[in-house]
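J.: Quick one, data_15.cif (mmCIF, C-alpha atoms; chains and numbers go by the auth columns):
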data_protein
#
loop_
_atom_site.group_PDB
_atom_site.id
_atom_site.type_symbol
_atom_site.label_atom_id
_atom_site.label_comp_id
_atom_site.label_asym_id
_atom_site.label_seq_id
_atom_site.Cartn_x
_atom_site.Cartn_y
_atom_site.Cartn_z
_atom_site.B_iso_or_equiv
_atom_site.auth_seq_id
_atom_site.auth_asym_id
ATOM 1 C CA TYR A 1 -72.051 38.677 -109.158 0.00 197 A
ATOM 2 C CA ARG A 2 -71.632 41.826 -107.150 0.00 198 A
ATOM 3 C CA MET A 3 -73.553 44.266 -105.002 0.00 199 A
ATOM 4 C CA THR A 4 -74.581 47.276 -107.047 0.00 200 A
ATOM 5 C CA GLY A 5 -76.006 49.662 -104.455 0.00 201 A
ATOM 6 C CA PRO A 6 -78.731 50.061 -101.851 0.00 202 A
ATOM 7 C CA ASP A 7 -81.548 50.528 -104.378 0.00 203 A
ATOM 8 C CA THR A 8 -80.442 48.117 -107.109 0.00 204 A
ATOM 9 C CA PHE A 9 -79.356 44.525 -107.491 0.00 205 A
ATOM 10 C CA PRO A 10 -77.487 42.528 -110.122 0.00 206 A
ATOM 11 C CA TYR A 11 -79.417 40.114 -112.289 0.00 207 A
ATOM 12 C CA MET A 12 -77.909 37.324 -114.358 0.00 208 A
ATOM 13 C CA LEU A 13 -79.361 34.975 -116.919 0.00 209 A
ATOM 14 C CA CYS A 14 -77.710 31.594 -116.588 0.00 210 A
ATOM 15 C CA GLY A 15 -77.460 28.206 -118.163 0.00 211 A
ATOM 16 C CA PHE A 16 -75.709 25.035 -117.104 0.00 212 A
ATOM 17 C CA LYS A 17 -72.219 24.646 -118.565 0.00 213 A
ATOM 18 C CA GLU A 18 -70.840 21.295 -119.674 0.00 214 A
ATOM 19 C CA GLY A 19 -67.425 20.365 -121.031 0.00 215 A
ATOM 20 C CA ALA A 20 -68.486 20.903 -124.645 0.00 216 A
ATOM 21 C CA SER A 21 -70.404 24.142 -123.981 0.00 217 A
ATOM 22 C CA ASN A 22 -69.492 27.067 -126.227 0.00 218 A
ATOM 23 C CA THR A 23 -69.125 30.022 -123.846 0.00 219 A
ATOM 24 C CA GLU A 24 -67.705 32.468 -126.399 0.00 220 A
ATOM 25 C CA GLY A 25 -69.151 35.917 -125.681 0.00 221 A
ATOM 26 C CA TYR A 26 -70.265 34.910 -122.188 0.00 222 A
ATOM 27 C CA THR A 27 -68.650 35.234 -118.790 0.00 223 A
ATOM 28 C CA PRO A 28 -68.604 31.862 -117.013 0.00 224 A
ATOM 29 C CA VAL A 29 -69.243 32.184 -113.278 0.00 225 A
ATOM 30 C CA THR A 30 -68.639 29.442 -110.734 0.00 226 A
ATOM 31 C CA ILE A 31 -71.293 29.342 -108.027 0.00 227 A
ATOM 32 C CA PRO A 32 -69.855 28.312 -104.642 0.00 228 A
ATOM 33 C CA ALA A 33 -71.280 25.216 -102.975 0.00 229 A
ATOM 34 C CA HIS A 34 -74.045 25.938 -100.461 0.00 230 A
ATOM 35 C CA THR A 35 -76.879 24.240 -98.713 0.00 231 A
ATOM 36 C CA TRP A 36 -79.981 25.356 -100.596 0.00 232 A
ATOM 37 C CA ALA A 37 -83.551 25.879 -99.429 0.00 233 A
ATOM 38 C CA ILE A 38 -85.576 25.155 -102.572 0.00 234 A
ATOM 39 C CA PHE A 39 -89.161 26.321 -102.944 0.00 235 A
ATOM 40 C CA PRO A 40 -90.963 24.825 -105.962 0.00 236 A
ATOM 41 C CA SER A 41 -94.293 26.048 -107.252 0.00 237 A
ATOM 42 C CA GLU A 42 -97.263 24.056 -108.384 0.00 238 A
ATOM 43 C CA PRO A 43 -97.794 24.029 -112.173 0.00 239 A
ATOM 44 C CA HIS A 44 -99.548 27.247 -113.190 0.00 240 A
ATOM 45 C CA GLN A 45 -100.719 29.302 -116.141 0.00 241 A
ATOM 46 C CA TRP A 46 -98.630 32.292 -117.244 0.00 242 A
ATOM 47 C CA ASP A 47 -101.185 34.795 -115.937 0.00 243 A
ATOM 48 C CA GLN A 48 -100.600 33.381 -112.416 0.00 244 A
ATOM 49 C CA PHE A 49 -96.828 34.036 -112.506 0.00 245 A
ATOM 50 C CA ASP A 50 -96.758 37.185 -110.334 0.00 246 A
ATOM 51 C CA GLU A 51 -98.981 35.697 -107.642 0.00 247 A
ATOM 52 C CA THR A 52 -97.062 32.400 -107.696 0.00 248 A
ATOM 53 C CA ILE A 53 -93.579 33.883 -107.307 0.00 249 A
ATOM 54 C CA GLU A 54 -94.728 36.367 -104.651 0.00 250 A
ATOM 55 C CA THR A 55 -96.243 33.474 -102.671 0.00 251 A
ATOM 56 C CA LEU A 56 -92.995 31.497 -102.841 0.00 252 A
ATOM 57 C CA TYR A 57 -90.913 34.451 -101.589 0.00 253 A
ATOM 58 C CA ARG A 58 -93.424 35.182 -98.820 0.00 254 A
ATOM 59 C CA ARG A 59 -93.414 31.523 -97.701 0.00 255 A
ATOM 60 C CA PHE A 60 -89.616 31.480 -97.495 0.00 256 A
ATOM 61 C CA TYR A 61 -89.222 34.736 -95.561 0.00 257 A
ATOM 62 C CA THR A 62 -92.280 34.683 -93.285 0.00 258 A
ATOM 63 C CA GLU A 63 -93.019 30.977 -92.743 0.00 259 A
ATOM 64 C CA TRP A 64 -89.970 28.796 -93.343 0.00 260 A
ATOM 65 C CA LEU A 65 -86.946 30.924 -92.423 0.00 261 A
ATOM 66 C CA PRO A 66 -88.150 32.015 -88.954 0.00 262 A
ATOM 67 C CA THR A 67 -88.940 28.429 -87.892 0.00 263 A
ATOM 68 C CA ALA A 68 -86.606 26.072 -89.788 0.00 264 A
ATOM 69 C CA GLY A 69 -83.385 26.469 -87.794 0.00 265 A
ATOM 70 C CA TYR A 70 -81.531 27.870 -90.792 0.00 266 A
ATOM 71 C CA LYS A 71 -80.099 31.288 -91.570 0.00 267 A
ATOM 72 C CA GLN A 72 -79.891 32.823 -95.022 0.00 268 A
ATOM 73 C CA VAL A 73 -76.264 33.428 -96.060 0.00 269 A
ATOM 74 C CA ASP A 74 -74.723 35.822 -98.551 0.00 270 A
ATOM 75 C CA GLY A 75 -74.704 34.433 -102.038 0.00 271 A
ATOM 76 C CA VAL A 76 -76.729 34.256 -105.177 0.00 272 A
ATOM 77 C CA GLU A 77 -80.404 33.355 -105.120 0.00 273 A
ATOM 78 C CA PHE A 78 -81.817 31.531 -108.095 0.00 274 A
ATOM 79 C CA GLU A 79 -85.173 31.796 -109.813 0.00 275 A
ATOM 80 C CA MET A 80 -85.505 28.748 -112.057 0.00 276 A
ATOM 81 C CA TYR A 81 -88.300 28.640 -114.626 0.00 277 A
ATOM 82 C CA GLY A 82 -89.648 25.752 -116.631 0.00 278 A
ATOM 83 C CA ASN A 83 -92.585 24.556 -118.660 0.00 279 A
ATOM 84 C CA LYS A 84 -94.175 21.127 -118.925 0.00 280 A
ATOM 85 C CA ASN A 85 -97.373 20.091 -120.661 0.00 281 A
ATOM 86 C CA GLY A 86 -98.284 23.725 -121.305 0.00 282 A
ATOM 87 C CA LEU A 87 -97.972 24.735 -117.642 0.00 283 A
ATOM 88 C CA ASN A 88 -95.213 26.798 -116.039 0.00 284 A
ATOM 89 C CA TYR A 89 -93.338 26.184 -112.818 0.00 285 A
ATOM 90 C CA ILE A 90 -90.839 28.095 -110.712 0.00 286 A
ATOM 91 C CA GLU A 91 -88.207 27.077 -108.199 0.00 287 A
ATOM 92 C CA LEU A 92 -86.617 29.607 -105.843 0.00 288 A
ATOM 93 C CA TRP A 93 -83.214 28.582 -104.452 0.00 289 A
ATOM 94 C CA PHE A 94 -81.878 30.346 -101.344 0.00 290 A
ATOM 95 C CA PRO A 95 -78.378 29.739 -99.868 0.00 291 A
ATOM 96 C CA VAL A 96 -78.719 28.845 -96.175 0.00 292 A
ATOM 97 C CA ARG A 97 -76.796 27.337 -93.272 0.00 293 A
ATOM 98 C CA LYS A 98 -77.902 25.526 -90.133 0.00 294 A
ATOM 99 C CA VAL A 99 -77.864 27.707 -86.981 0.00 295 A
#
Please render this file's structure as structure tokens.
T.:
Amino acid sequence: YRMTGPDTFPYMLCGFKEGASNTEGYTPVTIPAHTWAIFPSEPHQWDQFDETIETLYRRFYTEWLPTAGYKQVDGVEFEMYGNKNGLNYIELWFPVRKV
């Protein structure tokens, strides 16, 4: 993970690695320990994805971060995606520390 410039950002696709994981052809990356602010979505249809993820980012930056007593720290942010019972969900993970 690295900074790429003022108008671009790096993007990684990740999976969890276990002892028996075959990582041939991949670059394993260790994510440092952090305190995480996690913003989960409600289950939603695929056509609601853009609105759902934009709402989660807006809530973090404009509602939670200014009032929670935490500061965002440098580090990776995660967008986690899943599907259950035909509905999608998202979790946004932000590295933070108490101020």
J.: I need the residue nearest A:Ala233 from this list: A:Pro291, A:Pro206, A:Gly201, A:Gly282. Use all atoms listed in the file for the distance.
T.: A:Pro291
J.: Which is closest to A:Tyr266 among A:Trp232, A:Phe245, A:Trp289, A:Tyr253, if we use only C-alpha atoms?
T.: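 So, comparing all the options, the nearest one is A:Trp232.
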J.: Translate the PyMOL selection byres ((chain A and resi 261) around 12) into a concrete residue list for this structure, as a PyMOL selection string.
T.: chain A and resi 233-235+253-260+262-269+290-295
J.: Looking at A:Ala216, A:Val272, A:Cys210, A:Ile286, which one is nearest to A:Glu247, with distances taken over all atoms listed in the file?
T.: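 Closest to A:Glu247 of all the choices is A:Ile286.
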J.: I'd like to see the residues matched by the PyMOL selection byres ((chain A and resi 283) around 12) on this file, and ideally I'd get them as a list of chain:residue names.
T.: A:Ser237, A:Glu238, A:Pro239, A:His240, A:Gln241, A:Trp242, A:Asp243, A:Gln244, A:Phe245, A:Tyr277, A:Gly278, A:Asn279, A:Lys280, A:Asn281, A:Gly282, A:Asn284, A:Tyr285, A:Ile286
J.: What is the distance, in Å and to one decimal place, between atom CA of A:Thr226 and atom CA of A:Met276?
T.: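 Atom-to-atom, atom CA of A:Thr226 and atom CA of A:Met276 are spaced 16.9 Å apart.
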J.: Distance atom CA of A:Lys213-atom CA of A:Asp246, one decimal place?
T.: 28.8 Å
J.: Pick from A:His230, A:Pro202, A:Thr248, A:Val225: nearest to A:Glu273, with only C-alpha atoms counted?
T.: A:His230
J.: What does the structure give for the distance between atom CA of A:Asp270 and atom CA of A:Gly215, in Å to one decimal?
T.: 28.2 Å
J.: For this structure, which residues satisfy the selection - the PyMOL selection byres ((chain A and resi 221-224) around 12) - when it is evaluated on the file as given? I want them as a VMD selection string.
T.: chain A and resid 197 208 to 214 217 to 220 225 to 227
J.: Which is closer to A:Ala229 than all the others in A:Glu287, A:Asp203, A:Glu250, A:Gly271, using only C-alpha atoms?
T.: A:Gly271
J.: Starting from the incomplete input, reconstruct N, CA and C atoms of stretch 244-256 of chain A and report them as a PDB file, keeping the file's coordinate frame.
T.:
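Generated file (result.pdb):
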ATOM      1  N   GLN A 244    -100.722  33.557-113.864  1.00  0.00           N
ATOM      2  CA  GLN A 244    -100.600  33.381-112.416  1.00  0.00           C
ATOM      3  C   GLN A 244     -99.150  33.553-111.940  1.00  0.00           C
ATOM      4  N   PHE A 245     -98.254  33.950-112.841  1.00  0.00           N
ATOM      5  CA  PHE A 245     -96.828  34.036-112.506  1.00  0.00           C
ATOM      6  C   PHE A 245     -96.569  34.970-111.325  1.00  0.00           C
ATOM      7  N   ASP A 246     -97.050  36.208-111.397  1.00  0.00           N
ATOM      8  CA  ASP A 246     -96.758  37.185-110.334  1.00  0.00           C
ATOM      9  C   ASP A 246     -97.227  36.683-108.974  1.00  0.00           C
ATOM     10  N   GLU A 247     -98.436  36.209-108.911  1.00  0.00           N
ATOM     11  CA  GLU A 247     -98.981  35.697-107.642  1.00  0.00           C
ATOM     12  C   GLU A 247     -98.174  34.493-107.154  1.00  0.00           C
ATOM     13  N   THR A 248     -97.796  33.614-108.071  1.00  0.00           N
ATOM     14  CA  THR A 248     -97.062  32.400-107.696  1.00  0.00           C
ATOM     15  C   THR A 248     -95.690  32.725-107.129  1.00  0.00           C
ATOM     16  N   ILE A 249     -94.926  33.583-107.791  1.00  0.00           N
ATOM     17  CA  ILE A 249     -93.579  33.883-107.307  1.00  0.00           C
ATOM     18  C   ILE A 249     -93.630  34.697-106.009  1.00  0.00           C
ATOM     19  N   GLU A 250     -94.578  35.605-105.892  1.00  0.00           N
ATOM     20  CA  GLU A 250     -94.728  36.367-104.651  1.00  0.00           C
ATOM     21  C   GLU A 250     -95.055  35.437-103.483  1.00  0.00           C
ATOM     22  N   THR A 251     -95.889  34.435-103.715  1.00  0.00           N
ATOM     23  CA  THR A 251     -96.243  33.474-102.671  1.00  0.00           C
ATOM     24  C   THR A 251     -95.018  32.671-102.238  1.00  0.00           C
ATOM     25  N   LEU A 252     -94.197  32.249-103.194  1.00  0.00           N
ATOM     26  CA  LEU A 252     -92.995  31.497-102.841  1.00  0.00           C
ATOM     27  C   LEU A 252     -92.042  32.335-102.001  1.00  0.00           C
ATOM     28  N   TYR A 253     -91.786  33.575-102.392  1.00  0.00           N
ATOM     29  CA  TYR A 253     -90.913  34.451-101.589  1.00  0.00           C
ATOM     30  C   TYR A 253     -91.501  34.684-100.197  1.00  0.00           C
ATOM     31  N   ARG A 254     -92.772  34.949-100.119  1.00  0.00           N
ATOM     32  CA  ARG A 254     -93.424  35.182 -98.820  1.00  0.00           C
ATOM     33  C   ARG A 254     -93.294  33.949 -97.930  1.00  0.00           C
ATOM     34  N   ARG A 255     -93.538  32.747 -98.490  1.00  0.00           N
ATOM     35  CA  ARG A 255     -93.414  31.523 -97.701  1.00  0.00           C
ATOM     36  C   ARG A 255     -92.004  31.360 -97.151  1.00  0.00           C
ATOM     37  N   PHE A 256     -90.989  31.624 -97.966  1.00  0.00           N
ATOM     38  CA  PHE A 256     -89.616  31.480 -97.495  1.00  0.00           C
ATOM     39  C   PHE A 256     -89.319  32.439 -96.344  1.00  0.00           C
TER      40      PHE A 256
END
